[in-house]
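> Quick one: the structure is below, questions incoming.
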There are 6 protein chains.
Amino acid sequence: MEKSKRFQKGMEVIRKYEDKSENPAYSITFESLMDLDPELENYIVEFAFGDIYSREGLSHEKKTLITISSLVTQGLEPQLRLHINTGLTIGITPKEIVDAIIHLLPYAGFPRVLNALNVAKAVFVEREVNVKEE
Amino acid sequence: MEKSKRFQKGMEVIRKYEDKSENPAYSITFESLMDLDPELENYIVEFAFGDIYSREGLSHEKKTLITISSLVTQGLEPQLRLHINTGLTIGITPKEIVDAIIHLLPYAGFPRVLNALNVAKAVFVEREVNVKEE
Amino acid sequence: MEKSKRFQKGMEVIRKYEDKSENPAYSITFESLMDLDPELENYIVEFAFGDIYSREGLSHEKKTLITISSLVTQGLEPQLRLHINTGLTIGITPKEIVDAIIHLLPYAGFPRVLNALNVAKAVFVEREVNVKEE
Amino acid sequence: MEKSKRFQKGMEVIRKYEDKSENPAYSITFESLMDLDPELENYIVEFAFGDIYSREGLSHEKKTLITISSLVTQGLEPQLRLHINTGLTIGITPKEIVDAIIHLLPYAGFPRVLNALNVAKAVFVEREVNVKEE
Amino acid sequence: MEKSKRFQKGMEVIRKYEDKSENPAYSITFESLMDLDPELENYIVEFAFGDIYSREGLSHEKKTLITISSLVTQGLEPQLRLHINTGLTIGITPKEIVDAIIHLLPYAGFPRVLNALNVAKAVFVEREVNVKEE
Amino acid sequence: MEKSKRFQKGMEVIRKYEDKSENPAYSITFESLMDLDPELENYIVEFAFGDIYSREGLSHEKKTLITISSLVTQGLEPQLRLHINTGLTIGITPKEIVDAIIHLLPYAGFPRVLNALNVAKAVFVEREVNVKEE
């Protein structure tokens, strides 16, 4: 079946966030779930990316920081891993990611922040990037 | 008693965020609670503002968007009201605030986002600012 | 501008849930927010109703009970009020709504359940329906 | 119908926590909901109070502090109001209640703690007790 | 010690939900915890199952969908695994479980829903059932 | 760089909670994260321990029970593991920890409580302590 314009728009956004080389970030979290429902991929690509992520008005950097903030607050570690990865891909520095997570100490509490930094550190090690080298 | 350097640093940040004219945003939420504990004001001013908000590395705009994102996610309406107010004071446009809240639709769900937009709208009405006019 | 097919599909679902007489449930929560963003109404009507609520596979009754369960768990009272209203409109009995909320005692805890029953009771009083009379 | 032993045990606990004079704390939150379901009162009195609150092993003071901590963390203000009230009735001092809420700053974040202190302050004003006078 | 009527009633419900063959769903989550407290098993069997799950008024299917909805919303994966298992045992189809989880996209957000579908998929693989075959 | 008085005060509290022998509880959760940000350790030691944990007014036992209660409610298992460990070190009995967690059944729901008891049991096994022997 031909894909909708919203789907194509969503895939364009996803490709911007996707690391072409070794980190197939997009596929990690949800590709294996697509056979559970024929519409599921459409909801994600069309709504989350085609409608929401492709809105103008906020830079991709700000969108990712806002997303990360919500995920830290909810303790959603698999998604946090994905969005820290895509954040690095679109050019957010490791230091900015750490700064954003630490900024949440007064709002989400120390445990959520420390658990999120744990996820960030694992991503940094995997991608061989370093906060200090900047 | 003389206030610490961290307290002074915290107060500097707070003043930047504070609307000098008619919106005493800082005082709204917590001033009336200070007589419950002699250290409470210090924790807020020294830690939340002196330590965290005065960190370098993220612009005030990004810090506020990150804060708003966590508050929307938790449904913390009194604080959301405060930080939407302070966000406007430091120069975030109403449209950016609306964009940031709407960006959370896939992460925090429709009800949290709609309730937060309700708070934003009330602040905009109060301050007589308008999303559309931009 | 002409509305999309998904919008039309969404509006059909909304009309089923809407009380034609005295309870304009649909409008209560979000109509006043639509001027904040030109796309907001589309996201709600197209995605939440056109895509998700119009899916086949679950009866409207089950969809509403599932929705109510998530709202009780999150303590989202304005939306709970809306969906208890629409639930009554599509034919769920007050007793089933009470039974569904009480079923969450072991999962969401007593406070969330009691606060939700408070909302349910207010809706029942407003609509002059009665759990006992059934 | 005759009430069960667990119900009687639960009512004994409730009476200990209940202010005999002007603060009918027990009735505030849930008495008006009892006509929604014939078993609801039993679940509360028998399970929450007859089974759980009447367990030996923790003092009533510790039980109340543990309860308050969970309610602060969830932002459950109506129940917080009830349990701060009952805490005062069984002899916890206003200062201990404030200390317990402030202790949650690193775990539940500043907004939840400040909102809870707001509730505590309202209860103290109502009961004309004072943190400072101790 | 002889077990109470509520315990017996609870065990009857549990047996209905229990897969007799290879999936000892009841025991998975909590059997190993029972030696921590002599009353713990009673609380679960008597209250959660004897009082709540054995209530009349909602079908077992609806009770399970309501339970699953609350667990998805809280991200409680070990319990989700249990209740998806017991749901299949009492006759809910894999497709209905997927439909119920997907229905929560607008209320619990995409990450909670995708993580829950991940759990559902693992249960389906283990039980060798298939959404598509229906 | 010389450490602040608040840091020293914080380290004194941490040492009280730290098991000198085989359970390096303090280091488990966050030591490996300290190289992500030069101030992170200060925030934890100075604010969480130097400011909050070293407050007078509540016994260490009560502070730990309040902390555990918040962590159970949020399902924060890595931190729960840490604070159950430190609780045992400062002299809270395994039975009191179990009693505190079970007390949360009506407030945080069965799943959160059972998952927390699972963590408690793992800690007890590791430290070879036993609830029943008391």
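Letters for chains follow the order of the structure tokens (A, B, ...), residue numbers begin at 1 for each chain, and ligand numbers begin at 1 in the order shown.
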Hey, list the chain E side of the contact with chain B: 10 Å cut-off, only C-alpha atoms, answer as number ranges by chain.
E: 104-112
> So that I have them on file, write out the residues from the current selection with N, CA, C and O atoms, as a JSON list (two decimals), in the first residue's frame.

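So the final result, stored in again-v8.json, reads:
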[["chain", "number", "residue", "atom", "x", "y", "z"],
["E", 104, "LEU", "N", -4.30, 2.88, 24.45],
["E", 104, "LEU", "CA", -3.74, 3.79, 25.46],
["E", 104, "LEU", "C", -2.75, 4.80, 24.90],
["E", 104, "LEU", "O", -2.26, 5.67, 25.64],
["E", 105, "LEU", "N", -2.44, 4.73, 23.59],
["E", 105, "LEU", "CA", -1.49, 5.71, 23.01],
["E", 105, "LEU", "C", -1.80, 7.15, 23.38],
["E", 105, "LEU", "O", -0.90, 7.88, 23.82],
["E", 106, "PRO", "N", -3.05, 7.63, 23.23],
["E", 106, "PRO", "CA", -3.28, 9.05, 23.57],
["E", 106, "PRO", "C", -3.26, 9.34, 25.07],
["E", 106, "PRO", "O", -3.17, 10.50, 25.46],
["E", 107, "TYR", "N", -3.38, 8.31, 25.92],
["E", 107, "TYR", "CA", -3.52, 8.55, 27.36],
["E", 107, "TYR", "C", -2.23, 8.30, 28.13],
["E", 107, "TYR", "O", -1.90, 9.03, 29.06],
["E", 108, "ALA", "N", -1.50, 7.25, 27.75],
["E", 108, "ALA", "CA", -0.27, 6.93, 28.49],
["E", 108, "ALA", "C", 0.98, 7.28, 27.69],
["E", 108, "ALA", "O", 2.08, 7.21, 28.23],
["E", 109, "GLY", "N", 0.81, 7.71, 26.44],
["E", 109, "GLY", "CA", 1.96, 8.09, 25.61],
["E", 109, "GLY", "C", 2.57, 6.90, 24.88],
["E", 109, "GLY", "O", 2.36, 5.74, 25.24],
["E", 110, "PHE", "N", 3.35, 7.21, 23.84],
["E", 110, "PHE", "CA", 3.95, 6.15, 23.02],
["E", 110, "PHE", "C", 4.94, 5.27, 23.78],
["E", 110, "PHE", "O", 4.91, 4.04, 23.60],
["E", 111, "PRO", "N", 5.84, 5.84, 24.61],
["E", 111, "PRO", "CA", 6.85, 4.95, 25.24],
["E", 111, "PRO", "C", 6.23, 3.86, 26.12],
["E", 111, "PRO", "O", 6.58, 2.69, 25.99],
["E", 112, "ARG", "N", 5.29, 4.23, 26.99],
["E", 112, "ARG", "CA", 4.64, 3.22, 27.84],
["E", 112, "ARG", "C", 3.97, 2.14, 26.98],
["E", 112, "ARG", "O", 4.01, 0.95, 27.30]]
> Per residue of range 99-119 of chain F within 8 Å of range 74-87 of chain F, record the nearest atom pair and its distance in Å to one decimal, counting only C-alpha atoms, with rows in chain order and ascending residue number, as CSV.

residue,atom,partner,partner_atom,distance
F:Arg112,CA,F:Gly75,CA,6.1
F:Asn115,CA,F:Gly75,CA,7.7
F:Ala116,CA,F:Glu77,CA,7.1
F:Val119,CA,F:Arg81,CA,6.2
> Have a look at F:Gly10, F:Glu56, F:Val131, F:Lys5 and name the one nearest to Met34 in chain E; count only C-alpha atoms.
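Of F:Gly10, F:Glu56, F:Val131, F:Lys5, the one nearest Met34 in chain E, counting only C-alpha atoms, is F:Val131.
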> Between CA of Val72 in chain C and CA of Val113 in chain E, what is the distance, to one decimal in Å?
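Going from CA of Val72 in chain C over to CA of Val113 in chain E, I get 17.0 Å.
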> Measure the distance from CA of Gly91 in chain C to CA of Leu58 in chain E in Å and round it to one decimal.
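These two atoms are separated by 14.6 Å.
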> Near Val129 in chain A, within 10 Å and counting only C-alpha atoms, which residues show up once chain neighbours fewer than 5 positions away are dropped, as a PyMOL selection string?
chain A and resi 88+93-94+121+123-124+134
> Near range 14-17 of chain D, within 7 Å and counting only C-alpha atoms, which residues show up once chain neighbours fewer than 5 positions away are dropped, as a PDB file with N, CA, C and O atoms, in the first residue's frame?

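Contents of selection07.pdb, freshly written:
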ATOM      1  N   PHE D  49      -7.575  -0.340  57.200  1.00  0.00           N
ATOM      2  CA  PHE D  49      -7.391  -0.124  58.637  1.00  0.00           C
ATOM      3  C   PHE D  49      -7.346  -1.427  59.449  1.00  0.00           C
ATOM      4  O   PHE D  49      -6.451  -1.623  60.250  1.00  0.00           O
ATOM      5  N   THR D  86      -4.680  13.516  60.904  1.00  0.00           N
ATOM      6  CA  THR D  86      -4.670  12.375  61.828  1.00  0.00           C
ATOM      7  C   THR D  86      -3.308  12.250  62.498  1.00  0.00           C
ATOM      8  O   THR D  86      -3.228  11.855  63.661  1.00  0.00           O
ATOM      9  N   THR D  89      -3.340  14.414  65.410  1.00  0.00           N
ATOM     10  CA  THR D  89      -4.218  13.852  66.440  1.00  0.00           C
ATOM     11  C   THR D  89      -3.525  12.774  67.265  1.00  0.00           C
ATOM     12  O   THR D  89      -3.683  12.695  68.476  1.00  0.00           O
ATOM     13  N   ILE D  90      -2.715  11.917  66.605  1.00  0.00           N
ATOM     14  CA  ILE D  90      -2.041  10.860  67.379  1.00  0.00           C
ATOM     15  C   ILE D  90      -0.745  11.351  68.021  1.00  0.00           C
ATOM     16  O   ILE D  90      -0.021  10.562  68.640  1.00  0.00           O
TER      17      ILE D  90
END
> Could you check how far CA of Ile66 in chain A sits from CA of Ile44 in chain F, in Å to one decimal?
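Separating CA of Ile66 in chain A from CA of Ile44 in chain F is a distance of 24.2 Å.
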